[in-house]
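As provided, target_18.pdb (PDB, C-alpha atoms and all ligand atoms) reads as follows.
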MODEL        1
ATOM      1  CA  MET A 103      91.822  94.181 117.824  1.00  0.00           C
ATOM      2  CA  SER A 104      93.916  94.868 114.774  1.00  0.00           C
ATOM      3  CA  ARG A 105      97.627  95.630 114.689  1.00  0.00           C
ATOM      4  CA  PHE A 106      96.563  98.596 112.575  1.00  0.00           C
ATOM      5  CA  ASP A 107      94.578 100.213 115.436  1.00  0.00           C
ATOM      6  CA  VAL A 108      97.627 101.928 116.904  1.00  0.00           C
ATOM      7  CA  VAL A 109      98.564 103.594 113.632  1.00  0.00           C
ATOM      8  CA  ARG A 110      94.940 104.460 112.842  1.00  0.00           C
ATOM      9  CA  GLU A 111      94.873 106.499 116.044  1.00  0.00           C
ATOM     10  CA  ARG A 112      98.114 108.201 115.044  1.00  0.00           C
ATOM     11  CA  ASN A 113      96.565 108.961 111.659  1.00  0.00           C
ATOM     12  CA  VAL A 114      93.616 110.724 113.295  1.00  0.00           C
ATOM     13  CA  ALA A 115      96.042 112.956 115.188  1.00  0.00           C
ATOM     14  CA  PHE A 116      98.068 113.526 112.002  1.00  0.00           C
ATOM     15  CA  ALA A 117      95.050 114.603 109.965  1.00  0.00           C
ATOM     16  CA  GLU A 118      93.588 116.735 112.777  1.00  0.00           C
ATOM     17  CA  ALA A 119      96.922 118.561 113.066  1.00  0.00           C
ATOM     18  CA  GLY A 120      96.887 119.227 109.296  1.00  0.00           C
ATOM     19  CA  GLY A 121      99.979 117.097 108.670  1.00  0.00           C
ATOM     20  CA  HIS A 122      98.841 116.336 105.115  1.00  0.00           C
ATOM     21  CA  GLU A 123      98.483 119.953 104.070  1.00  0.00           C
ATOM     22  CA  GLY A 124     100.853 121.481 101.538  1.00  0.00           C
ATOM     23  CA  ALA A 125     102.445 118.248 100.302  1.00  0.00           C
ATOM     24  CA  THR A 126     103.004 118.107  96.530  1.00  0.00           C
ATOM     25  CA  ILE A 127     103.308 115.170  94.134  1.00  0.00           C
ATOM     26  CA  MET A 128     106.884 116.104  93.126  1.00  0.00           C
ATOM     27  CA  PRO A 129     109.307 115.711  96.066  1.00  0.00           C
ATOM     28  CA  ARG A 130     110.147 119.036  97.693  1.00  0.00           C
ATOM     29  CA  LEU A 131     113.852 118.182  98.029  1.00  0.00           C
ATOM     30  CA  SER A 132     114.028 116.814  94.431  1.00  0.00           C
ATOM     31  CA  LEU A 133     115.211 113.586  95.994  1.00  0.00           C
ATOM     32  CA  VAL A 134     114.319 109.937  95.416  1.00  0.00           C
ATOM     33  CA  VAL A 135     115.690 107.509  98.009  1.00  0.00           C
ATOM     34  CA  VAL A 136     116.109 103.808  97.195  1.00  0.00           C
ATOM     35  CA  THR A 137     116.712 101.758 100.303  1.00  0.00           C
ATOM     36  CA  CYS A 138     116.001  98.570 102.226  1.00  0.00           C
ATOM     37  CA  LEU A 139     112.634  97.665 103.741  1.00  0.00           C
ATOM     38  CA  ASP A 140     114.376  96.981 107.078  1.00  0.00           C
ATOM     39  CA  PRO A 141     112.475  99.014 109.726  1.00  0.00           C
ATOM     40  CA  ARG A 142     115.804 100.260 111.133  1.00  0.00           C
ATOM     41  CA  VAL A 143     116.428 102.055 107.841  1.00  0.00           C
ATOM     42  CA  ASP A 144     113.274 104.153 107.558  1.00  0.00           C
ATOM     43  CA  PRO A 145     114.320 107.273 105.585  1.00  0.00           C
ATOM     44  CA  ALA A 146     111.623 109.383 107.253  1.00  0.00           C
ATOM     45  CA  ALA A 147     113.377 108.774 110.572  1.00  0.00           C
ATOM     46  CA  ILE A 148     117.096 108.563 109.709  1.00  0.00           C
ATOM     47  CA  PHE A 149     117.001 111.566 107.329  1.00  0.00           C
ATOM     48  CA  ALA A 150     114.256 113.450 109.204  1.00  0.00           C
ATOM     49  CA  LEU A 151     112.158 113.621 106.041  1.00  0.00           C
ATOM     50  CA  GLY A 152     108.873 115.451 106.267  1.00  0.00           C
ATOM     51  CA  LEU A 153     105.814 114.504 104.248  1.00  0.00           C
ATOM     52  CA  GLY A 154     106.428 115.308 100.569  1.00  0.00           C
ATOM     53  CA  ASP A 155     110.182 115.864 100.999  1.00  0.00           C
ATOM     54  CA  ALA A 156     111.277 112.798  99.020  1.00  0.00           C
ATOM     55  CA  ALA A 157     109.942 109.854  97.057  1.00  0.00           C
ATOM     56  CA  VAL A 158     111.061 106.568  98.610  1.00  0.00           C
ATOM     57  CA  LEU A 159     111.391 103.159  96.962  1.00  0.00           C
ATOM     58  CA  ARG A 160     112.080 100.249  99.273  1.00  0.00           C
ATOM     59  CA  ASN A 161     112.728  96.558  98.742  1.00  0.00           C
ATOM     60  CA  ALA A 162     114.858  93.849 100.314  1.00  0.00           C
ATOM     61  CA  GLY A 163     118.354  95.323 100.338  1.00  0.00           C
ATOM     62  CA  GLY A 164     117.465  98.562  98.548  1.00  0.00           C
ATOM     63  CA  ARG A 165     118.630  96.922  95.326  1.00  0.00           C
ATOM     64  CA  ILE A 166     118.242  98.258  91.804  1.00  0.00           C
ATOM     65  CA  THR A 167     115.967  95.597  90.341  1.00  0.00           C
ATOM     66  CA  ASP A 168     114.048  95.731  87.055  1.00  0.00           C
ATOM     67  CA  GLU A 169     110.985  96.838  89.028  1.00  0.00           C
ATOM     68  CA  VAL A 170     112.898  99.682  90.694  1.00  0.00           C
ATOM     69  CA  VAL A 171     114.264 100.834  87.316  1.00  0.00           C
ATOM     70  CA  GLU A 172     110.689 100.902  85.970  1.00  0.00           C
ATOM     71  CA  ASP A 173     109.480 102.964  88.940  1.00  0.00           C
ATOM     72  CA  LEU A 174     112.395 105.393  88.637  1.00  0.00           C
ATOM     73  CA  ALA A 175     111.669 105.727  84.916  1.00  0.00           C
ATOM     74  CA  PHE A 176     108.053 106.513  85.758  1.00  0.00           C
ATOM     75  CA  ILE A 177     109.057 109.234  88.227  1.00  0.00           C
ATOM     76  CA  GLY A 178     111.547 110.488  85.623  1.00  0.00           C
ATOM     77  CA  GLN A 179     108.903 110.754  82.952  1.00  0.00           C
ATOM     78  CA  MET A 180     106.600 112.670  85.319  1.00  0.00           C
ATOM     79  CA  ALA A 181     109.430 115.020  86.284  1.00  0.00           C
ATOM     80  CA  GLU A 182     110.370 115.654  82.634  1.00  0.00           C
ATOM     81  CA  THR A 183     106.828 116.877  82.061  1.00  0.00           C
ATOM     82  CA  ALA A 184     106.871 119.102  85.156  1.00  0.00           C
ATOM     83  CA  VAL A 185     110.428 120.441  84.628  1.00  0.00           C
ATOM     84  CA  PRO A 186     111.119 121.199  80.916  1.00  0.00           C
ATOM     85  CA  GLU A 187     114.856 121.873  81.387  1.00  0.00           C
ATOM     86  CA  GLY A 188     117.621 121.665  83.961  1.00  0.00           C
ATOM     87  CA  PRO A 189     118.199 119.024  86.640  1.00  0.00           C
ATOM     88  CA  LEU A 190     115.219 116.794  87.524  1.00  0.00           C
ATOM     89  CA  PHE A 191     116.089 115.058  90.805  1.00  0.00           C
ATOM     90  CA  GLU A 192     118.759 113.026  92.560  1.00  0.00           C
ATOM     91  CA  ILE A 193     118.429 109.295  93.113  1.00  0.00           C
ATOM     92  CA  ALA A 194     120.189 108.379  96.380  1.00  0.00           C
ATOM     93  CA  ILE A 195     120.784 104.643  96.757  1.00  0.00           C
ATOM     94  CA  VAL A 196     121.269 103.702 100.417  1.00  0.00           C
ATOM     95  CA  HIS A 197     122.450 100.235 101.454  1.00  0.00           C
ATOM     96  CA  HIS A 198     123.115  99.380 105.087  1.00  0.00           C
ATOM     97  CA  THR A 199     125.177  97.261 107.448  1.00  0.00           C
ATOM     98  CA  GLN A 200     123.724  94.044 108.967  1.00  0.00           C
ATOM     99  CA  CYS A 201     121.306  93.700 106.031  1.00  0.00           C
ATOM    100  CA  GLY A 202     119.002  90.673 106.253  1.00  0.00           C
ATOM    101  CA  THR A 203     119.530  89.963 102.554  1.00  0.00           C
ATOM    102  CA  ALA A 204     122.960  88.615 103.543  1.00  0.00           C
ATOM    103  CA  LEU A 205     121.041  85.408 104.356  1.00  0.00           C
ATOM    104  CA  LEU A 206     120.635  84.930 100.592  1.00  0.00           C
ATOM    105  CA  ALA A 207     124.347  84.148 100.424  1.00  0.00           C
ATOM    106  CA  ASP A 208     123.465  80.852 102.142  1.00  0.00           C
ATOM    107  CA  GLU A 209     122.647  78.225  99.564  1.00  0.00           C
ATOM    108  CA  GLY A 210     119.918  76.589 101.657  1.00  0.00           C
ATOM    109  CA  VAL A 211     118.106  79.866 102.333  1.00  0.00           C
ATOM    110  CA  ARG A 212     118.490  80.912  98.691  1.00  0.00           C
ATOM    111  CA  THR A 213     117.163  77.615  97.352  1.00  0.00           C
ATOM    112  CA  ARG A 214     114.099  77.631  99.626  1.00  0.00           C
ATOM    113  CA  TYR A 215     113.328  81.275  98.821  1.00  0.00           C
ATOM    114  CA  ALA A 216     113.779  80.713  95.068  1.00  0.00           C
ATOM    115  CA  LYS A 217     111.333  77.805  95.207  1.00  0.00           C
ATOM    116  CA  ARG A 218     108.850  79.886  97.224  1.00  0.00           C
ATOM    117  CA  ILE A 219     108.778  82.725  94.676  1.00  0.00           C
ATOM    118  CA  GLY A 220     109.400  80.674  91.539  1.00  0.00           C
ATOM    119  CA  ALA A 221     112.757  82.293  90.725  1.00  0.00           C
ATOM    120  CA  GLU A 222     116.217  81.097  89.720  1.00  0.00           C
ATOM    121  CA  PRO A 223     118.424  80.581  92.825  1.00  0.00           C
ATOM    122  CA  GLY A 224     121.514  81.843  90.973  1.00  0.00           C
ATOM    123  CA  ALA A 225     120.103  85.310  90.335  1.00  0.00           C
ATOM    124  CA  LEU A 226     119.025  85.665  93.972  1.00  0.00           C
ATOM    125  CA  GLY A 227     122.582  85.247  95.237  1.00  0.00           C
ATOM    126  CA  ALA A 228     123.453  88.589  93.658  1.00  0.00           C
ATOM    127  CA  ARG A 229     120.724  90.256  95.758  1.00  0.00           C
ATOM    128  CA  ALA A 230     122.618  89.642  99.006  1.00  0.00           C
ATOM    129  CA  VAL A 231     124.063  92.770 100.622  1.00  0.00           C
ATOM    130  CA  LEU A 232     127.144  91.366 102.381  1.00  0.00           C
ATOM    131  CA  ASP A 233     129.387  94.292 101.485  1.00  0.00           C
ATOM    132  CA  PRO A 234     127.169  97.408 101.294  1.00  0.00           C
ATOM    133  CA  ASP A 235     130.003  99.588  99.897  1.00  0.00           C
ATOM    134  CA  GLY A 236     130.378  97.134  97.024  1.00  0.00           C
ATOM    135  CA  THR A 237     126.698  96.487  96.312  1.00  0.00           C
ATOM    136  CA  VAL A 238     125.792 100.164  96.346  1.00  0.00           C
ATOM    137  CA  ARG A 239     128.554 100.837  93.790  1.00  0.00           C
ATOM    138  CA  ALA A 240     127.303  97.969  91.629  1.00  0.00           C
ATOM    139  CA  ASP A 241     123.764  99.355  91.765  1.00  0.00           C
ATOM    140  CA  VAL A 242     124.902 102.837  90.694  1.00  0.00           C
ATOM    141  CA  ALA A 243     126.618 101.209  87.712  1.00  0.00           C
ATOM    142  CA  ARG A 244     123.465  99.268  86.896  1.00  0.00           C
ATOM    143  CA  LEU A 245     121.323 102.393  87.050  1.00  0.00           C
ATOM    144  CA  ARG A 246     123.751 104.407  84.922  1.00  0.00           C
ATOM    145  CA  ALA A 247     123.652 101.663  82.297  1.00  0.00           C
ATOM    146  CA  SER A 248     119.876 101.932  82.006  1.00  0.00           C
ATOM    147  CA  THR A 249     118.595 104.075  79.145  1.00  0.00           C
ATOM    148  CA  ALA A 250     115.200 104.256  80.919  1.00  0.00           C
ATOM    149  CA  ILE A 251     116.583 106.829  83.372  1.00  0.00           C
ATOM    150  CA  PRO A 252     116.551 110.439  82.082  1.00  0.00           C
ATOM    151  CA  ASP A 253     119.955 112.088  81.506  1.00  0.00           C
ATOM    152  CA  ARG A 254     118.909 115.022  83.697  1.00  0.00           C
ATOM    153  CA  VAL A 255     118.805 112.808  86.797  1.00  0.00           C
ATOM    154  CA  THR A 256     121.800 112.569  89.133  1.00  0.00           C
ATOM    155  CA  ILE A 257     122.714 109.464  91.119  1.00  0.00           C
ATOM    156  CA  SER A 258     124.526 109.099  94.445  1.00  0.00           C
ATOM    157  CA  ALA A 259     125.399 106.146  96.686  1.00  0.00           C
ATOM    158  CA  HIS A 260     125.513 105.858 100.472  1.00  0.00           C
ATOM    159  CA  VAL A 261     125.865 103.310 103.255  1.00  0.00           C
ATOM    160  CA  TYR A 262     123.959 103.597 106.527  1.00  0.00           C
ATOM    161  CA  ASP A 263     125.469 102.028 109.635  1.00  0.00           C
ATOM    162  CA  VAL A 264     122.706 100.649 111.879  1.00  0.00           C
ATOM    163  CA  THR A 265     125.066 100.606 114.888  1.00  0.00           C
ATOM    164  CA  THR A 266     126.070 104.306 114.740  1.00  0.00           C
ATOM    165  CA  GLY A 267     123.015 105.811 113.021  1.00  0.00           C
ATOM    166  CA  ARG A 268     125.333 107.566 110.582  1.00  0.00           C
ATOM    167  CA  VAL A 269     125.374 107.519 106.786  1.00  0.00           C
ATOM    168  CA  ARG A 270     128.592 107.582 104.698  1.00  0.00           C
ATOM    169  CA  THR A 271     128.620 108.751 101.100  1.00  0.00           C
ATOM    170  CA  ILE A 272     130.317 106.264  98.774  1.00  0.00           C
ATOM    171  CA  ILE A 273     129.710 108.057  95.471  1.00  0.00           C
ATOM    172  CA  GLU A 274     128.881 111.771  95.296  1.00  0.00           C
ATOM    173  CA  ALA A 275     125.984 112.826  93.068  1.00  0.00           C
ATOM    174  CA  GLY A 276     126.914 112.532  89.411  1.00  0.00           C
ATOM    175  CA  GLU A 277     125.039 112.632  86.164  1.00  0.00           C
ATOM    176  CA  ALA A 278     123.217 109.481  85.166  1.00  0.00           C
ATOM    177  CA  ARG A 279     125.283 108.954  82.007  1.00  0.00           C
ATOM    178  CA  LEU A 280     128.746 109.149  83.628  1.00  0.00           C
ATOM    179  CA  ALA A 281     130.779 105.949  83.732  1.00  0.00           C
ATOM    180  CA  ALA A 282     130.459 104.371  87.174  1.00  0.00           C
TER     181      ALA A 282
HETATM  182 ZN    ZN A 301     118.451  95.425 104.628  1.00  0.00          ZN
ENDMDL
END
Hey, can you dump this file as structure tokens for me?
Ligand SMILES: [Zn+2]
Amino acid sequence: MSRFDVVRERNVAFAEAGGHEGATIMPRLSLVVVTCLDPRVDPAAIFALGLGDAAVLRNAGGRITDEVVEDLAFIGQMAETAVPEGPLFEIAIVHHTQCGTALLADEGVRTRYAKRIGAEPGALGARAVLDPDGTVRADVARLRASTAIPDRVTISAHVYDVTTGRVRTIIEAGEARLAA
């Protein structure tokens, strides 16, 4: 008995119903969502995304890390090839309330985690999402400062409330090179 059995059965039903058909490599809604890996914040569910609607990058907190910038640059480079001119896609950064990364604000937790992954404890403190309105703004600024992101990309910022199920927009979509 594997924990995977339940989803394997769902996959059989998905494939038999043709759920995979028609999906394309470039997201249908020209949308890339960056959000937390918390299962309460699954974009497919909270934004009713269908297969192929959006590309989704998830990590602890939905933070703009070096790795996320590299992935966004990769998607950007692919999109530039597919779309010679005009807007490419929107990057929507979504942080949320009650984020587990808030634990990283605790020195003991941070120190143990830093040791576990071989990182500097100081840098990990900045990963904590205690104030999602503030961190999502900081991450937009970080992304706008990156020259790896194509100018034809737009960036927006949002906060999802796990207690109401609603998302609030903190920064409307703006061009990547605008000042944050
Ligand atoms: Zn979270």
Expected residue set, 10 Å radius at (125.9, 91.9, 94.7), all atoms listed in the file, as number ranges by chain: A: 165, 204, 207, 225-234, 236-241
Take the residues that were just selected and, keeping C-alpha atoms, output them as a PDB file, in the coordinates of the input.
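Result file is out28.pdb:
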ATOM      1  CA  ARG A 165     118.630  96.922  95.326  1.00  0.00           C
ATOM      2  CA  ALA A 204     122.960  88.615 103.543  1.00  0.00           C
ATOM      3  CA  ALA A 207     124.347  84.148 100.424  1.00  0.00           C
ATOM      4  CA  ALA A 225     120.103  85.310  90.335  1.00  0.00           C
ATOM      5  CA  LEU A 226     119.025  85.665  93.972  1.00  0.00           C
ATOM      6  CA  GLY A 227     122.582  85.247  95.237  1.00  0.00           C
ATOM      7  CA  ALA A 228     123.453  88.589  93.658  1.00  0.00           C
ATOM      8  CA  ARG A 229     120.724  90.256  95.758  1.00  0.00           C
ATOM      9  CA  ALA A 230     122.618  89.642  99.006  1.00  0.00           C
ATOM     10  CA  VAL A 231     124.063  92.770 100.622  1.00  0.00           C
ATOM     11  CA  LEU A 232     127.144  91.366 102.381  1.00  0.00           C
ATOM     12  CA  ASP A 233     129.387  94.292 101.485  1.00  0.00           C
ATOM     13  CA  PRO A 234     127.169  97.408 101.294  1.00  0.00           C
ATOM     14  CA  GLY A 236     130.378  97.134  97.024  1.00  0.00           C
ATOM     15  CA  THR A 237     126.698  96.487  96.312  1.00  0.00           C
ATOM     16  CA  VAL A 238     125.792 100.164  96.346  1.00  0.00           C
ATOM     17  CA  ARG A 239     128.554 100.837  93.790  1.00  0.00           C
ATOM     18  CA  ALA A 240     127.303  97.969  91.629  1.00  0.00           C
ATOM     19  CA  ASP A 241     123.764  99.355  91.765  1.00  0.00           C
TER      20      ASP A 241
END
Picked residues, the PyMOL selection byres (((chain A and resi 104-121) around 12) and not hetatm), as a PyMOL selection string: chain A and resi 103+122-125+152-154
Result set of the PyMOL selection byres (((chain A and resi 126-143) around 8) and not hetatm) on the coordinates above, as number ranges by chain: A: 124-125, 144-145, 147-148, 154-165, 181, 190-198, 201-202, 262, 264
Explicit residue set for the PyMOL selection byres (((chain A and resi 246-260) around 8) and not hetatm), as a ChimeraX atom specification: /A:171-172,174-175,178-179,188-197,235,238-239,242-245,261-262,269-282
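Closest to ligand ZN 301 (chain A) among A:Pro223, A:Arg212, A:Thr199, A:Thr167 is A:Thr199, based on only C-alpha atoms and all ligand atoms.
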Between CA of Thr213 in chain A and CA of Ile166 in chain A - distance in Å to one decimal: 21.4 Å
Separation of CA of Arg268 in chain A from CA of Ala146 in chain A in Å: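 Pair CA of Ala146 in chain A / CA of Arg268 in chain A returns 14.2 Å.
Among the candidates A:Asp173, A:Thr203, A:Glu209, A:Pro186, the residue lying nearest to ligand ZN 301 (chain A) is A:Thr203 (atoms considered: all atoms listed in the file).
The spacing separating CA of Phe149 in chain A from CA of Thr266 in chain A amounts to 13.8 Å.
Minimum atom-to-atom distance to ligand ZN 301 (chain A), evaluated using only C-alpha atoms and all ligand atoms, belongs to A:Gln200 out of A:Gln200, A:Gly210, A:Ala221, A:Leu205.
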Of the listed residues A:Ala150, A:Met180, A:Asp208, A:Asp263, that which approaches ligand ZN 301 (chain A) most closely, counting all atoms listed in the file: A:Asp263
Enclose all atoms of range 224-238 of chain A listed in the file in an axis-aligned box, grow every side by 3 Å, and hand back centre and edge lengths in Å to one decimal, as JSON.
{"center_x": 124.7, "center_y": 91.0, "center_z": 96.4, "size_x": 17.4, "size_y": 24.3, "size_z": 18.0}
Pick from A:Leu206, A:Ile177, A:Val185, A:Val170 nearest to ligand ZN 301 (chain A), counting only C-alpha atoms and all ligand atoms: A:Leu206
